[in-house]
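See below for the structure under consideration.
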Amino acid sequence: MTTDPNPEPSAAVGRFVAPDLAALTGVRSSKQSYYREYRRTNERMQRAVRAMDSISRALVRTVEGPRGLIEEVVRAAGEHLQAQWLLLGLADGSLVAARPRYLAIGPRGQFIDDDHLLPAKVRRELGAVRAGATTRQIVDQGGWVRVPMTLDGEVVGALVGLHGLESDPEAADLSVLRILANQAAVSMHTSQQYQASLALRRRGQQLHDEATQQAYGLAQRDAELRRAEKRLVVARQRELLDAERHRIARELHDSVTQYVLSAGMAVDLSRQDLADMDTADQDVVDRLDDAKELTRRAVEQLRSAIYALHHGGGEGEDVAGLPELLSEVAIQHRPHLAVSLRVEGQPFPLGTPAEHSLARVAGEALFNASVHATATRAIVRLAYTDTQVRLWVSDDGTSDPAQLRRMLRLRMACDGDGRHNGLVNMASRAAELGGTFALRRARLGGLRIEVRVPWPLSVNTIVRQPGPLSVNPATS
């Protein structure tokens, strides 16, 4: 039995079909050998894999900024096309703030961003890219490959290369180039946004600097206004002080001085009458002589005080608070009394009425020490604490604190308004401020007048009766 070496398949078995290598390899050829086509396909696949790897490297370099990513895109596209020259650029008017505007890579792999270093043929392609002429994908006969670069469906530039492949790039190659070009477009768009954000930041910093400068100027003007306000307060204090000086000077001249002069004239007439009567009582004559001398000295001190009140306080002086007021009061009495002023603690404003009241207490105390107690030395102390202000006036005169306390009580009982009495006036001023008034023996040997005023001031209405008087005879 002879067997046919190539039997026809039976219908039950089915028709034998030769293997389709084109379906298996993706290579189609009319030739019996598929090896050459297979090699070409494999090379294209390898280039596509390398291009994908380059795209991944480009995406990683995005964190370095647009320049680094564009360099990687140009290098990857050049390697994929085996290009002699490759150029990536933006059209004029597109992504205007993006940098760099174009970048080229030459035969030796060097990056170029200077027009003068490009050959003429590459400059022509750059001009076409800048003009926006590359709007569709083209591979010409001269070996130039042009792929438009799009962003949101709009052409913003192009990737152009002079390839060195054995044959023209196929669709897969152009797809790789399109991916690279569009990735570059996204990077340049990001660059533009980054540049815009930098511009906004610089503008914001400029506005901040201007606002800071304006705030500094406003602070300076505010300080100037505060200084001007303080000068106005000082001027008002000066005006009130001058008015009070002139009022006291007029009262001293029109009343007290006249009374003292009249007393001196009466003493002189009494002495003459005794002389006419040939009275030999020398003790009476001596006492009258003493009284005449005392009235003469009192008139001299009154005239000095009146002159100081009229001419005290120059225009250039600034009376800003109680220490300055007390300093002026001390100066007015220094021709006849050695007065020293001591300030303890940090001074703070009490208000013009309160400060003038305390200054008048000190002035009255110094006047009494000079005229009535024949003192030669006095100390004025002013102490500031968190809860009160204390004022002491001590002298080395002949006053007796116990006797003065009794006199003060009698005067307060007889004349509630305290007129014509220095002690009553001082006690009343202390009480009006909600404070206390005390008379004690001073270490200097004479009298110490002490006023304590609470802080902050809590008395809103003027109290005419003085507060409780200290009767403690302890020395200061």
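Here, A, B, ... name the chains of the structure tokens in the order displayed, residue numbers run from 1 inside each chain, and ligands are numbered from 1 in the same displayed order.
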
| said: as a PyMOL selection string, please: every residue in stretch 41-162 of chain A that a backbone DSSP assignment puts in alpha helix (DSSP H). | reply: chain A and resi 41-60+66-81+120-130

| task | For stretch 90-99 of chain A, list every protein, DNA or RNA residue within 8 Å, evaluated using only C-alpha atoms, and leave out those in the same chain fewer than 3 positions away; present the list as a PyMOL selection string. | result | chain A and resi 66-67+102+129-132+156-158+188-193+195-196

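The spacing separating atom CA of A:Ala235 from atom CA of A:Ala362 amounts to 22.0 Å.
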
| task | Please provide as an NGL selection string all residues within 7 Å of stretch 445-456 of chain A, with the sequence filter that same-chain residues fewer than 6 positions apart are discarded (counting only C-alpha atoms). | result | :A and (387-401 or 430 or 433-439)

Okay, now the selection with C-alpha atoms, as a short mmCIF file (atom, residue, chain, number, x, y, z; two decimals), in the first residue's frame?
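Saved as result.cif:
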data_model
loop_
_atom_site.label_atom_id
_atom_site.label_comp_id
_atom_site.auth_asym_id
_atom_site.auth_seq_id
_atom_site.Cartn_x
_atom_site.Cartn_y
_atom_site.Cartn_z
CA THR A 387 -0.36 103.70 94.67
CA GLN A 388 0.38 107.27 95.74
CA VAL A 389 2.38 110.48 95.35
CA ARG A 390 4.09 111.91 98.44
CA LEU A 391 5.33 115.47 98.92
CA TRP A 392 7.53 116.57 101.86
CA VAL A 393 8.77 120.08 102.65
CA SER A 394 11.28 120.14 105.54
CA ASP A 395 13.09 123.18 106.99
CA ASP A 396 15.47 124.14 109.79
CA GLY A 397 13.31 126.95 111.14
CA THR A 398 11.84 127.63 114.57
CA SER A 399 8.32 126.30 114.01
CA ASP A 400 6.83 123.95 116.61
CA PRO A 401 4.82 121.13 114.95
CA ALA A 430 -4.63 117.97 100.11
CA LEU A 433 -7.20 115.63 96.00
CA GLY A 434 -8.44 112.89 98.33
CA GLY A 435 -5.15 112.92 100.25
CA THR A 436 -3.86 113.57 103.75
CA PHE A 437 -1.96 116.45 105.34
CA ALA A 438 0.48 116.07 108.27
CA LEU A 439 2.77 118.29 110.37
#

| task | Skip A:Arg303 itself and residues of its chain fewer than 2 positions away, then list as number ranges by chain all residues within 12 Å of it, counting only C-alpha atoms. | result | A: 249-254, 256-258, 260-261, 296-301, 305-310, 332-333, 335-336

Save the residues we just selected, N, CA and C atoms, as an mmCIF file, in the first residue's frame?
data_model
loop_
_atom_site.group_PDB
_atom_site.id
_atom_site.type_symbol
_atom_site.label_atom_id
_atom_site.label_comp_id
_atom_site.auth_asym_id
_atom_site.auth_seq_id
_atom_site.Cartn_x
_atom_site.Cartn_y
_atom_site.Cartn_z
ATOM 1 N N ALA A 249 1.005 137.660 92.417
ATOM 2 C CA ALA A 249 1.818 138.882 92.535
ATOM 3 C C ALA A 249 0.939 140.102 92.777
ATOM 4 N N ARG A 250 -0.186 140.193 92.056
ATOM 5 C CA ARG A 250 -1.091 141.333 92.271
ATOM 6 C C ARG A 250 -1.662 141.329 93.686
ATOM 7 N N GLU A 251 -2.045 140.143 94.152
ATOM 8 C CA GLU A 251 -2.596 140.077 95.509
ATOM 9 C C GLU A 251 -1.546 140.449 96.541
ATOM 10 N N LEU A 252 -0.300 139.955 96.342
ATOM 11 C CA LEU A 252 0.766 140.318 97.287
ATOM 12 C C LEU A 252 1.040 141.819 97.260
ATOM 13 N N HIS A 253 1.037 142.397 96.060
ATOM 14 C CA HIS A 253 1.335 143.821 95.961
ATOM 15 C C HIS A 253 0.205 144.682 96.495
ATOM 16 N N ASP A 254 -1.029 144.283 96.164
ATOM 17 C CA ASP A 254 -2.166 145.142 96.509
ATOM 18 C C ASP A 254 -2.646 144.962 97.938
ATOM 19 N N VAL A 256 -1.074 142.244 100.779
ATOM 20 C CA VAL A 256 -0.126 141.848 101.821
ATOM 21 C C VAL A 256 0.980 142.876 101.983
ATOM 22 N N THR A 257 1.555 143.307 100.859
ATOM 23 C CA THR A 257 2.652 144.286 100.962
ATOM 24 C C THR A 257 2.168 145.589 101.583
ATOM 25 N N GLN A 258 0.982 146.006 101.200
ATOM 26 C CA GLN A 258 0.444 147.243 101.774
ATOM 27 C C GLN A 258 0.223 147.107 103.275
ATOM 28 N N VAL A 260 1.869 145.097 105.296
ATOM 29 C CA VAL A 260 3.173 145.071 105.956
ATOM 30 C C VAL A 260 3.774 146.477 106.009
ATOM 31 N N LEU A 261 3.645 147.232 104.915
ATOM 32 C CA LEU A 261 4.129 148.624 104.934
ATOM 33 C C LEU A 261 3.386 149.455 105.964
ATOM 34 N N ARG A 296 10.579 145.536 107.583
ATOM 35 C CA ARG A 296 11.416 145.910 106.451
ATOM 36 C C ARG A 296 11.878 144.668 105.675
ATOM 37 N N ARG A 297 12.303 143.658 106.439
ATOM 38 C CA ARG A 297 12.738 142.419 105.773
ATOM 39 C C ARG A 297 11.572 141.727 105.073
ATOM 40 N N ALA A 298 10.391 141.784 105.717
ATOM 41 C CA ALA A 298 9.223 141.165 105.093
ATOM 42 C C ALA A 298 8.870 141.860 103.786
ATOM 43 N N VAL A 299 8.976 143.212 103.782
ATOM 44 C CA VAL A 299 8.682 143.959 102.550
ATOM 45 C C VAL A 299 9.691 143.600 101.456
ATOM 46 N N GLU A 300 10.985 143.467 101.842
ATOM 47 C CA GLU A 300 11.997 143.098 100.845
ATOM 48 C C GLU A 300 11.712 141.711 100.246
ATOM 49 N N GLN A 301 11.359 140.756 101.122
ATOM 50 C CA GLN A 301 11.077 139.421 100.603
ATOM 51 C C GLN A 301 9.817 139.411 99.737
ATOM 52 N N ALA A 305 9.673 138.285 95.943
ATOM 53 C CA ALA A 305 8.722 137.267 95.480
ATOM 54 C C ALA A 305 7.847 137.805 94.349
ATOM 55 N N ILE A 306 7.409 139.062 94.486
ATOM 56 C CA ILE A 306 6.577 139.664 93.433
ATOM 57 C C ILE A 306 7.359 139.775 92.132
ATOM 58 N N TYR A 307 8.626 140.192 92.239
ATOM 59 C CA TYR A 307 9.446 140.299 91.030
ATOM 60 C C TYR A 307 9.628 138.918 90.383
ATOM 61 N N ALA A 308 9.906 137.906 91.237
ATOM 62 C CA ALA A 308 10.092 136.553 90.688
ATOM 63 C C ALA A 308 8.810 136.042 90.042
ATOM 64 N N LEU A 309 7.673 136.344 90.646
ATOM 65 C CA LEU A 309 6.406 135.906 90.074
ATOM 66 C C LEU A 309 6.122 136.582 88.742
ATOM 67 N N HIS A 310 6.477 137.858 88.631
ATOM 68 C CA HIS A 310 6.237 138.573 87.379
ATOM 69 C C HIS A 310 7.196 138.155 86.274
ATOM 70 N N GLN A 332 12.186 130.385 92.975
ATOM 71 C CA GLN A 332 11.602 131.641 93.438
ATOM 72 C C GLN A 332 11.975 131.960 94.884
ATOM 73 N N HIS A 333 12.241 130.949 95.709
ATOM 74 C CA HIS A 333 12.540 131.179 97.127
ATOM 75 C C HIS A 333 14.028 131.111 97.439
ATOM 76 N N PRO A 335 16.548 133.094 96.671
ATOM 77 C CA PRO A 335 17.288 134.286 97.125
ATOM 78 C C PRO A 335 17.347 134.427 98.642
ATOM 79 N N HIS A 336 16.366 133.890 99.366
ATOM 80 C CA HIS A 336 16.322 134.020 100.826
ATOM 81 C C HIS A 336 16.348 132.689 101.541
#

| task | Tell me, in Å to one decimal, how far atom CA of A:Ser167 is from atom CA of A:Thr41. | result | 12.2 Å

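In this model, the gap between atom CA of A:Asp53 and atom CA of A:Tyr35 comes to 26.7 Å.
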